[in-house]
>>> print(open('data.txt').read())   # compact mmCIF, C-alpha atoms
# COMPACT_ATOMS: atom_id res chain seq x y z
CA MET A 863 0.00 0.00 0.00
CA ASN A 864 1.13 3.54 -0.62
CA LEU A 865 1.23 6.16 2.13
CA ARG A 866 -2.30 7.41 1.54
CA GLN A 867 -3.69 3.87 1.57
CA LEU A 868 -1.85 3.09 4.81
CA PHE A 869 -3.24 6.26 6.38
CA LEU A 870 -6.83 5.57 5.35
CA THR A 871 -6.73 1.81 6.02
CA CYS A 872 -4.57 1.36 9.11
CA GLN A 873 -4.82 4.65 10.99
CA ALA A 874 -7.93 5.51 12.99
CA GLN A 875 -9.88 8.36 11.41
CA THR A 876 -11.57 11.09 13.42
CA SER A 877 -13.74 12.30 10.56
CA SER A 878 -15.20 10.86 7.38
CA THR A 879 -13.52 13.52 5.26
CA PRO A 880 -9.88 13.98 6.32
CA VAL A 881 -7.87 16.62 4.48
CA CYS A 882 -5.33 13.98 3.37
CA ALA A 883 -2.56 16.47 2.59
CA GLU A 884 0.63 14.40 2.39
CA ILE A 885 3.37 16.35 4.15
CA GLU A 886 7.05 15.45 3.74
CA ARG A 887 8.63 18.21 5.80
CA ALA A 888 7.93 21.54 7.48
CA GLU A 889 10.03 24.61 8.10
CA GLY A 890 9.17 27.99 9.57
CA ILE A 891 5.58 28.85 8.60
CA TYR A 892 5.48 26.41 5.68
CA LEU A 893 4.50 22.78 5.10
CA TYR A 894 5.85 20.93 2.05
CA GLY A 895 4.24 18.01 0.26
CA PHE A 896 6.07 15.11 -1.35
CA ASP A 897 5.30 16.72 -4.68
CA GLY A 898 7.07 19.91 -3.62
CA LYS A 899 3.87 21.89 -3.10
CA ARG A 900 4.17 24.50 -0.35
CA TYR A 901 1.41 25.37 2.10
CA THR A 902 1.33 28.44 4.34
CA ASP A 903 0.36 27.11 7.75
CA LEU A 904 -2.44 29.10 9.38
CA ILE A 905 -3.14 26.33 11.89
CA ALA A 906 0.29 25.90 13.53
CA GLY A 907 -0.77 22.46 14.71
CA VAL A 908 -3.69 24.19 16.49
CA SER A 909 -1.49 26.78 18.23
CA VAL A 910 1.41 24.38 18.81
CA SER A 911 4.16 25.67 16.54
CA ASN A 912 4.48 29.19 17.95
CA VAL A 913 8.19 29.39 17.05
CA GLY A 914 7.63 27.77 13.68
CA HIS A 915 8.32 24.28 12.40
CA CYS A 916 11.73 22.72 12.98
CA HIS A 917 13.33 25.79 14.50
CA PRO A 918 17.07 25.00 14.49
CA LYS A 919 17.48 25.74 18.20
CA VAL A 920 14.60 23.42 19.11
CA VAL A 921 15.93 20.65 16.86
CA GLU A 922 19.38 21.07 18.42
CA ALA A 923 17.92 20.85 21.93
CA VAL A 924 16.03 17.66 21.03
CA ASN A 925 19.12 16.02 19.56
CA ARG A 926 21.31 17.06 22.46
CA GLN A 927 18.92 15.72 25.12
CA ALA A 928 18.14 12.52 23.20
CA SER A 929 21.86 11.75 23.17
CA LYS A 930 22.00 12.07 26.98
CA TYR A 931 18.88 10.24 28.14
CA MET A 932 15.22 9.94 27.31
CA HIS A 933 12.74 8.24 29.63
CA LEU A 934 14.17 7.39 33.07
CA MET A 935 11.45 7.05 35.67
CA VAL A 936 7.81 7.83 36.43
CA TYR A 937 7.35 11.55 37.06
CA GLY A 938 8.61 13.07 40.27
CA GLU A 939 11.14 10.52 41.52
CA PHE A 940 14.41 11.38 39.77
CA ILE A 941 15.85 14.87 39.43
CA GLN A 942 16.01 15.47 35.69
CA GLU A 943 17.67 18.65 34.50
CA PRO A 944 15.29 19.55 31.63
CA GLN A 945 12.25 19.28 33.91
CA ALA A 946 13.71 21.23 36.81
CA VAL A 947 15.20 23.99 34.68
CA TYR A 948 12.03 24.41 32.63
CA ALA A 949 9.87 24.52 35.75
CA GLY A 950 12.14 27.18 37.24
CA LYS A 951 11.99 29.25 34.04
CA LEU A 952 8.19 29.10 33.95
CA VAL A 953 7.83 30.05 37.62
CA SER A 954 10.11 33.05 37.06
CA LEU A 955 7.60 34.38 34.52
CA LEU A 956 4.48 33.81 36.63
CA PRO A 957 2.83 35.48 39.64
CA GLU A 958 3.78 34.32 43.13
CA ASN A 959 0.71 32.12 43.51
CA LEU A 960 1.62 30.12 40.38
CA SER A 961 4.85 28.70 41.69
CA ASN A 962 4.61 24.92 41.28
CA VAL A 963 4.54 23.03 37.98
CA TYR A 964 3.15 19.55 37.40
CA PHE A 965 4.22 18.32 33.95
CA VAL A 966 1.92 16.12 31.88
CA ASN A 967 1.69 15.18 28.19
CA SER A 968 -1.20 17.19 26.77
CA GLY A 969 -3.87 19.80 27.34
CA SER A 970 -6.49 17.18 28.18
CA GLU A 971 -4.24 15.77 30.90
CA ALA A 972 -3.41 19.23 32.21
CA ASN A 973 -7.09 20.06 32.61
CA GLU A 974 -7.90 16.65 34.12
CA GLY A 975 -5.12 17.17 36.66
CA ALA A 976 -6.27 20.70 37.46
CA ILE A 977 -9.84 19.57 38.15
CA LYS A 978 -8.65 16.70 40.33
CA LEU A 979 -6.40 19.10 42.21
CA ALA A 980 -9.24 21.57 42.82
CA LYS A 981 -11.58 18.88 44.12
CA ARG A 982 -8.88 17.45 46.38
CA TYR A 983 -7.82 20.85 47.76
CA THR A 984 -11.30 22.26 48.39
CA GLY A 985 -12.99 19.03 49.44
CA ARG A 986 -15.89 20.01 47.21
CA THR A 987 -17.48 18.11 44.34
CA GLU A 988 -19.20 20.53 41.97
CA THR A 989 -17.27 21.64 38.90
CA ILE A 990 -18.39 24.37 36.52
CA GLY A 991 -17.50 24.73 32.86
CA LEU A 992 -18.53 27.19 30.17
CA LYS A 993 -20.82 26.46 27.25
CA ASN A 994 -18.98 26.08 23.93
CA ALA A 995 -15.71 25.54 25.79
CA TYR A 996 -13.17 22.94 24.74
CA HIS A 997 -10.85 21.36 27.30
CA GLY A 998 -9.91 18.04 25.69
CA GLY A 999 -11.24 14.65 24.75
CA THR A 1000 -10.96 12.55 27.93
CA GLN A 1001 -14.08 11.75 29.93
CA GLY A 1002 -13.51 14.13 32.83
CA VAL A 1003 -13.03 17.26 30.75
CA LEU A 1004 -15.58 16.01 28.21
CA SER A 1005 -18.11 16.37 31.03
CA LEU A 1006 -17.25 20.08 31.19
CA MET A 1007 -17.31 20.77 27.48
CA GLY A 1008 -20.07 23.10 26.48
CA ASP A 1009 -21.40 21.34 23.40
CA GLU A 1010 -23.93 18.57 23.98
CA SER A 1011 -23.34 17.02 20.55
CA PHE A 1012 -19.81 16.14 21.63
CA ARG A 1013 -20.84 14.74 25.02
CA ASN A 1014 -24.07 12.91 24.48
CA SER A 1015 -22.75 9.73 22.84
CA PHE A 1016 -20.38 9.08 25.76
CA ARG A 1017 -22.72 9.38 28.73
CA PRO A 1018 -22.74 8.72 31.63
CA LEU A 1019 -19.97 11.20 32.38
CA ILE A 1020 -18.77 12.54 35.73
CA PRO A 1021 -21.54 13.84 38.00
CA ASP A 1022 -22.06 17.18 39.73
CA VAL A 1023 -21.15 19.30 36.73
CA ARG A 1024 -22.80 22.60 35.82
CA SER A 1025 -22.49 24.68 32.65
CA ILE A 1026 -22.79 28.45 32.48
CA GLU A 1027 -22.64 30.77 29.49
CA PHE A 1028 -19.48 32.69 28.61
CA ASN A 1029 -19.94 36.46 29.04
CA ASN A 1030 -23.26 35.96 30.86
CA PHE A 1031 -22.94 37.95 34.09
CA ASP A 1032 -26.32 36.80 35.43
CA GLN A 1033 -25.14 33.19 35.63
CA ILE A 1034 -22.04 33.96 37.70
CA SER A 1035 -24.21 33.67 40.81
CA LEU A 1036 -24.49 29.91 40.10
CA ILE A 1037 -20.96 29.62 41.50
CA THR A 1038 -21.51 28.82 45.19
CA GLU A 1039 -19.85 27.42 48.31
CA ARG A 1040 -20.45 23.95 46.80
CA THR A 1041 -18.26 24.73 43.80
CA ALA A 1042 -14.77 23.24 43.75
CA CYS A 1043 -13.66 25.05 40.62
CA VAL A 1044 -14.61 26.96 37.52
CA ILE A 1045 -12.60 26.17 34.42
CA VAL A 1046 -12.61 28.76 31.63
CA GLU A 1047 -10.66 29.66 28.52
CA PRO A 1048 -9.71 33.36 28.72
CA LEU A 1049 -10.57 33.43 25.03
CA GLN A 1050 -12.91 30.69 23.84
CA GLY A 1051 -10.97 29.08 21.01
CA GLU A 1052 -13.14 26.34 19.52
CA ALA A 1053 -16.29 28.42 19.94
CA GLY A 1054 -14.85 30.58 17.16
CA ALA A 1055 -12.39 32.89 18.96
CA ILE A 1056 -14.85 34.55 21.36
CA THR A 1057 -13.29 37.23 23.56
CA PRO A 1058 -14.42 38.20 27.09
CA VAL A 1059 -16.45 41.39 27.44
CA ASP A 1060 -16.79 44.09 30.12
CA ASN A 1061 -14.35 42.56 32.62
CA TYR A 1062 -16.19 39.25 32.59
CA LEU A 1063 -13.09 37.36 33.72
CA ALA A 1064 -12.61 39.77 36.61
CA ALA A 1065 -16.20 39.11 37.68
CA LEU A 1066 -15.53 35.36 37.60
CA ARG A 1067 -12.41 35.93 39.67
CA LYS A 1068 -14.30 37.90 42.31
CA ARG A 1069 -17.10 35.34 42.60
CA CYS A 1070 -14.64 32.47 42.95
CA SER A 1071 -12.71 34.37 45.63
CA ASP A 1072 -15.94 35.18 47.50
CA THR A 1073 -17.15 31.55 47.49
CA GLY A 1074 -13.81 29.79 47.95
CA ALA A 1075 -13.97 28.12 44.54
CA LEU A 1076 -10.74 27.81 42.58
CA LEU A 1077 -10.50 29.57 39.23
CA ILE A 1078 -8.77 27.55 36.51
CA PHE A 1079 -7.62 29.24 33.32
CA ASP A 1080 -7.22 26.88 30.39
CA GLU A 1081 -4.44 28.54 28.37
CA VAL A 1082 -3.69 25.49 26.28
CA GLN A 1083 -4.25 27.53 23.10
CA THR A 1084 -3.65 31.06 24.36
CA GLY A 1085 -0.39 30.57 26.26
CA PHE A 1086 3.17 31.38 25.21
CA GLY A 1087 2.54 34.61 23.36
CA ARG A 1088 -0.39 33.91 21.07
CA LEU A 1089 -2.50 36.86 22.25
CA GLY A 1090 0.40 39.31 22.56
CA LYS A 1091 1.37 38.54 26.15
CA MET A 1092 3.23 35.50 27.40
CA PHE A 1093 -0.07 34.37 28.93
CA ALA A 1094 -3.59 35.62 28.26
CA PHE A 1095 -4.32 36.26 31.94
CA GLU A 1096 -1.71 39.05 31.78
CA LYS A 1097 -3.62 40.71 28.96
CA TYR A 1098 -6.90 40.57 30.87
CA ASN A 1099 -5.34 41.39 34.26
CA VAL A 1100 -6.91 38.42 36.05
CA VAL A 1101 -4.76 35.82 37.84
CA PRO A 1102 -6.19 32.30 38.20
CA ASP A 1103 -5.61 29.85 41.06
CA ILE A 1104 -4.57 27.15 38.59
CA LEU A 1105 -3.14 27.66 35.12
CA THR A 1106 -3.14 24.92 32.48
CA VAL A 1107 -0.85 24.98 29.45
CA ALA A 1108 0.16 22.62 26.65
CA LYS A 1109 0.32 22.79 22.82
CA SER A 1110 3.11 25.36 22.20
CA MET A 1111 4.66 24.54 25.58
CA GLY A 1112 6.69 21.73 24.00
CA GLY A 1113 7.99 23.60 20.97
CA GLY A 1114 6.42 20.91 18.77
CA MET A 1115 6.94 18.02 21.21
CA PRO A 1116 4.12 16.64 23.41
CA LEU A 1117 4.06 18.48 26.72
CA GLY A 1118 1.55 20.08 29.07
CA ALA A 1119 1.31 21.23 32.69
CA PHE A 1120 -1.00 22.44 35.39
CA ILE A 1121 0.47 25.13 37.62
CA ALA A 1122 -0.65 26.30 41.06
CA SER A 1123 0.78 27.40 44.40
CA LYS A 1124 2.94 24.95 46.30
CA GLU A 1125 0.31 24.92 49.07
CA ILE A 1126 -2.40 23.77 46.68
CA MET A 1127 -0.19 21.35 44.77
CA ASN A 1128 1.14 19.66 47.92
CA CYS A 1129 -2.25 18.14 48.66
CA LEU A 1130 -1.56 15.56 45.94
CA GLN A 1131 1.20 14.06 48.13
CA THR A 1132 -1.13 12.51 50.70
CA ASN A 1133 -4.53 10.85 51.06
CA PRO A 1134 -3.51 9.15 48.85
CA ALA A 1135 0.16 9.43 48.07
CA LEU A 1136 0.70 9.75 44.33
CA GLY A 1137 -2.63 11.56 44.11
CA HIS A 1138 -1.81 12.28 40.50
CA ILE A 1139 0.71 10.34 38.45
CA THR A 1140 1.94 10.15 34.87
CA THR A 1141 4.54 7.95 33.20
CA PHE A 1142 5.69 10.25 30.42
CA GLY A 1143 4.67 13.69 31.71
CA GLY A 1144 7.62 16.04 31.57
CA HIS A 1145 9.53 13.77 29.21
CA PRO A 1146 13.13 15.05 29.18
CA VAL A 1147 13.26 15.52 25.41
CA SER A 1148 9.94 17.38 25.40
CA CYS A 1149 11.10 19.61 28.25
CA ALA A 1150 14.37 20.36 26.44
CA ALA A 1151 12.45 21.28 23.31
CA GLY A 1152 9.97 23.40 25.27
CA LEU A 1153 12.70 25.24 27.14
CA ALA A 1154 14.44 26.05 23.85
CA ALA A 1155 11.17 27.29 22.38
CA LEU A 1156 10.47 29.46 25.43
CA ASP A 1157 13.95 30.97 25.17
CA ILE A 1158 13.22 31.83 21.53
CA ILE A 1159 9.91 33.46 22.43
CA ILE A 1160 11.66 35.56 25.06
CA SER A 1161 14.87 36.42 23.17
CA GLU A 1162 13.01 37.37 19.98
CA ASN A 1163 10.28 39.12 21.99
CA LEU A 1164 7.63 37.44 19.87
CA PRO A 1165 4.61 38.43 22.02
CA SER A 1166 5.33 42.15 21.55
CA LYS A 1167 4.98 41.78 17.77
CA VAL A 1168 1.69 39.87 17.80
CA GLU A 1169 -0.66 42.85 17.93
CA GLU A 1170 0.95 44.52 14.91
CA LYS A 1171 0.67 41.29 12.91
CA SER A 1172 -2.93 40.78 13.98
CA LEU A 1173 -3.86 44.31 12.89
CA LEU A 1174 -2.14 43.76 9.55
CA PHE A 1175 -4.20 40.62 8.91
CA ARG A 1176 -7.38 42.49 9.81
CA ARG A 1177 -6.54 45.52 7.65
CA LEU A 1178 -5.63 43.45 4.59
CA LEU A 1179 -8.78 41.32 4.86
CA GLN A 1180 -11.25 44.11 5.67
CA THR A 1181 -12.29 44.49 2.02
CA ALA A 1182 -12.53 40.73 1.45
CA ASN A 1183 -15.80 38.87 1.06
CA ILE A 1184 -16.24 38.10 4.77
CA GLU A 1185 -18.71 38.95 7.52
CA GLU A 1186 -16.38 39.64 10.47
CA ILE A 1187 -13.09 38.77 12.11
CA ARG A 1188 -13.26 37.78 15.79
CA GLY A 1189 -10.58 36.96 18.30
CA ASP A 1190 -7.44 38.50 19.72
CA GLY A 1191 -3.77 38.50 18.77
CA LEU A 1192 -2.91 35.68 16.39
CA LEU A 1193 -5.93 33.57 17.27
CA MET A 1194 -8.63 34.80 14.92
CA ALA A 1195 -11.81 33.44 13.36
CA VAL A 1196 -12.88 34.74 9.96
CA GLU A 1197 -16.65 34.43 9.68
CA LEU A 1198 -18.01 33.35 6.28
CA GLY A 1199 -21.67 33.00 7.24
CA THR A 1200 -22.47 29.38 6.33
CA ALA A 1201 -20.98 25.92 6.76
CA GLU A 1202 -21.32 25.30 3.03
CA ARG A 1203 -19.27 28.34 2.16
CA LEU A 1204 -16.63 27.42 4.75
CA THR A 1205 -16.30 23.89 3.36
CA GLU A 1206 -15.76 25.26 -0.14
CA PHE A 1207 -13.28 27.82 1.17
CA ILE A 1208 -11.11 25.30 3.02
CA LYS A 1209 -11.01 23.00 -0.01
CA THR A 1210 -10.04 25.87 -2.30
CA ALA A 1211 -7.50 27.17 0.21
CA TYR A 1212 -5.58 23.89 0.20
CA GLU A 1213 -5.64 23.87 -3.58
CA ASN A 1214 -4.05 27.33 -3.47
CA GLY A 1215 -1.41 26.52 -0.87
CA ILE A 1216 -3.09 27.72 2.32
CA ALA A 1217 -3.57 25.32 5.24
CA THR A 1218 -6.41 26.34 7.54
CA ASP A 1219 -9.32 24.67 9.30
CA TRP A 1220 -12.62 25.25 11.09
CA PHE A 1221 -13.51 25.45 14.77
CA LEU A 1222 -15.11 22.55 16.64
CA PHE A 1223 -18.11 24.55 17.80
CA ASN A 1224 -18.30 27.02 14.95
CA ASN A 1225 -18.80 25.60 11.47
CA SER A 1226 -18.86 28.87 9.52
CA SER A 1227 -15.46 30.40 10.34
CA PHE A 1228 -11.89 29.58 9.36
CA ARG A 1229 -8.85 29.83 11.58
CA ILE A 1230 -5.98 32.30 11.38
CA ALA A 1231 -3.46 31.09 13.96
CA PRO A 1232 -0.06 30.94 12.24
CA PRO A 1233 3.32 30.50 13.91
CA LEU A 1234 4.17 33.70 15.77
CA ILE A 1235 7.32 34.09 13.67
CA ILE A 1236 5.29 34.97 10.55
CA ASN A 1237 6.55 38.28 9.18
CA ASN A 1238 4.76 41.18 7.52
CA ILE A 1239 5.77 40.21 3.98
CA GLN A 1240 4.44 36.69 4.56
CA ILE A 1241 1.20 38.11 5.97
CA GLU A 1242 0.78 40.32 2.90
CA GLU A 1243 1.37 37.37 0.56
CA THR A 1244 -1.03 35.19 2.54
CA CYS A 1245 -3.80 37.81 2.59
CA GLU A 1246 -3.45 38.39 -1.14
CA THR A 1247 -4.07 34.68 -1.71
CA LEU A 1248 -6.95 34.64 0.81
CA ARG A 1249 -8.64 37.56 -0.93
CA LYS A 1250 -8.41 35.76 -4.27
CA ILE A 1251 -9.89 32.58 -2.77
CA LEU A 1252 -12.71 34.49 -1.10
CA LYS A 1253 -13.71 35.93 -4.48
CA LEU A 1254 -14.07 32.41 -5.87
CA ILE A 1255 -16.55 31.09 -3.33
>>> encode(input="data.txt", output="structure tokens")
Amino acid sequence: MNLRQLFLTCQAQTSSTPVCAEIERAEGIYLYGFDGKRYTDLIAGVSVSNVGHCHPKVVEAVNRQASKYMHLMVYGEFIQEPQAVYAGKLVSLLPENLSNVYFVNSGSEANEGAIKLAKRYTGRTETIGLKNAYHGGTQGVLSLMGDESFRNSFRPLIPDVRSIEFNNFDQISLITERTACVIVEPLQGEAGAITPVDNYLAALRKRCSDTGALLIFDEVQTGFGRLGKMFAFEKYNVVPDILTVAKSMGGGMPLGAFIASKEIMNCLQTNPALGHITTFGGHPVSCAAGLAALDIIISENLPSKVEEKSLLFRRLLQTANIEEIRGDGLLMAVELGTAERLTEFIKTAYENGIATDWFLFNNSSFRIAPPLIINNIQIEETCETLRKILKLI
């Protein structure tokens, strides 16, 4: 069988209509097919490749660490330099109450761990999520996802879960002294890049503080510079009790974490011991890659350039055949109005060398979330192609 046949026959499919672009290599903001065709990547692995594909410093860090050691021991028992140094670097960038890092493998695991931690620390059982939120595909966080079409086929899920609407101030009062935690994306990604309004996140923060509930920010997509600050909570001036990160955290390697105060995190040590455990979380090679990527983000000051790039995208597309552009920084949703038009757009975009996709809970918008290293000339070239495609559909 050829590669396409192997993919379609032997690899599990998550949709009936996969894109099936055959990629041989990737570099910077571009993907390259076996036939030499180049695609401008507006997905970035769903906000993973913030420093671009195969950045030389990340590749060097991977090779260097792989030559020393890879997996040694289940998390937390051996002192491993990449883990410890990366944790220290992260803590140095975060507020005092976010001082302890628990490494995992993915955003789903980070959010699962954060919810477990909140329930263990508070002794409460109720968890609250936001409608049209996305926190991962495992059963715990699936229970908190705000789209019933994704949840219904997998019931029963975990009990004592409540959903409230994003940006609905009236429903904040549903957070009570029974609530262990509220988990929220500072910007709702898969809902179609929905931003908070009128200090909504600050109102959530106050209600959680008043009731003793822990506030969890899911920054799996928004972390590491995507909105123009290292973390989105800095942009919105609201500090959570627990922060979850993944995707771009590993520089292209699988890595995630949930981060809290040492006081909160220490409750996982007893009753029972090993209250949370992971075999591969904080894999040394992933941590080495992530640390290299973080150093690039800092040394090249990538977050400070995001707003300018975002405005350039918006300005160059304002005369295109679109309804609106939502979002913040380099996480934007371009609204086309109908699912049929979006399907035709994405197909035509790939034919014209643009890789983009839709949002899980919004079937009429396409994603603009390129690597943060994209430059103004590349943005201009990309928008010229996008305008041409939008005239065709």
>>> residues_around(input="data.txt", residues="Cys1070 of chain A", least_positions_apart="4", cutoff="8 Å", atoms="all atoms listed in the file", output="list in words")
Ile1037, Cys1043, Val1044, Leu1066, Gly1074, Ala1075, Leu1076 and Leu1077 of chain A
>>> atom_distance(input="data.txt", atom1="atom CA of Val966 of chain A", atom2="atom CA of Gly1144 of chain A")
5.7 Å
>>> residues_around(input="data.txt", residues="Thr1181 of chain A", least_positions_apart="3", cutoff="12 Å", atoms="all atoms listed in the file", output="VMD selection string")
chain A and resid 1175 to 1178 1184 to 1187 1245 to 1246 1248 to 1250 1252 to 1253
>>> closest_residue(input="data.txt", among="A:Asp1190, A:Phe1031, A:Pro1018, A:Glu1010", to="Ala1094 of chain A", atoms="all atoms listed in the file")
A:Asp1190
>>> atom_distance(input="data.txt", atom1="atom CA of Asn864 of chain A", atom2="atom CA of Thr879 of chain A")
18.7 Å
>>> residues_around(input="data.txt", residues="Leu865 of chain A", least_positions_apart="6", cutoff="12 Å", atoms="only C-alpha atoms", output="MDAnalysis selection string")
chainID A and resid 871:873 882:886 896
>>> atom_distance(input="data.txt", atom1="atom CA of Met932 of chain A", atom2="atom CA of Tyr892 of chain A")
28.9 Å
>>> closest_residue(input="data.txt", among="A:Ser1172, A:Ser1161, A:Gln875, A:Ser1148", to="Ser968 of chain A", atoms="all atoms listed in the file")
A:Ser1148
>>> closest_residue(input="data.txt", among="A:Gly1114, A:Pro1233, A:Val908, A:Thr1141", to="Trp1220 of chain A", atoms="all atoms listed in the file")
A:Val908
>>> closest_residue(input="data.txt", among="A:Arg1040, A:Lys1091, A:Arg1017, A:Arg1203", to="Asn1183 of chain A", atoms="all atoms listed in the file")
A:Arg1203
>>> closest_residue(input="data.txt", among="A:Phe1028, A:Tyr1062, A:Phe1207, A:Phe1228", to="Ile990 of chain A", atoms="all atoms listed in the file")
A:Phe1028
>>> closest_atom_pairs(input="data.txt", of="segment 1075-1163 of chain A", to="segment 972-989 of chain A", cutoff="7 Å", atoms="all atoms listed in the file", output="tab-separated table")
residue	atom	partner	partner_atom	distance
A:Leu1076	CA	A:Ala980	CA	6.4
A:Ile1104	CA	A:Ala976	CA	6.8
A:Thr1106	CA	A:Ala972	CA	5.7
A:Val1107	CA	A:Ala972	CA	6.9
A:Gly1118	CA	A:Ala972	CA	5.9
A:Ala1119	CA	A:Ala972	CA	5.1
A:Phe1120	CA	A:Ala972	CA	5.1
A:Ile1126	CA	A:Tyr983	CA	6.3
A:Cys1129	CA	A:Tyr983	CA	6.3
>>> closest_residue(input="data.txt", among="A:Asp903, A:Glu958, A:Asp897, A:Glu1039", to="Glu1125 of chain A", atoms="all atoms listed in the file")
A:Glu958
>>> residues_near_point(input="data.txt", point="(-10.0, 33.2, 8.5)", cutoff="8 Å", atoms="all atoms listed in the file", output="CSV table (one decimal) with C-alpha atoms, in the coordinates of the input")
chain,number,residue,atom,x,y,z
A,1187,ILE,CA,-13.1,38.8,12.1
A,1194,MET,CA,-8.6,34.8,14.9
A,1195,ALA,CA,-11.8,33.4,13.4
A,1196,VAL,CA,-12.9,34.7,10.0
A,1197,GLU,CA,-16.6,34.4,9.7
A,1218,THR,CA,-6.4,26.3,7.5
A,1227,SER,CA,-15.5,30.4,10.3
A,1228,PHE,CA,-11.9,29.6,9.4
A,1229,ARG,CA,-8.8,29.8,11.6
A,1230,ILE,CA,-6.0,32.3,11.4
>>> residues_around(input="data.txt", residues="Gly1215 of chain A", least_positions_apart="3", cutoff="8 Å", atoms="only C-alpha atoms", output="PDB file with C-alpha atoms, keeping the file's coordinate frame")
ATOM      1  CA  LYS A 899       3.870  21.890  -3.100  1.00  0.00           C
ATOM      2  CA  ARG A 900       4.170  24.500  -0.350  1.00  0.00           C
ATOM      3  CA  TYR A 901       1.410  25.370   2.100  1.00  0.00           C
ATOM      4  CA  THR A 902       1.330  28.440   4.340  1.00  0.00           C
ATOM      5  CA  ALA A1211      -7.500  27.170   0.210  1.00  0.00           C
ATOM      6  CA  TYR A1212      -5.580  23.890   0.200  1.00  0.00           C
TER       7      TYR A1212
END
>>> residues_near_point(input="data.txt", point="(-1.6, 23.6, 18.9)", cutoff="9 Å", atoms="all atoms listed in the file", output="JSON, numbers by chain")
{"A": [905, 906, 907, 908, 909, 910, 911, 912, 1082, 1083, 1108, 1109, 1110, 1114]}
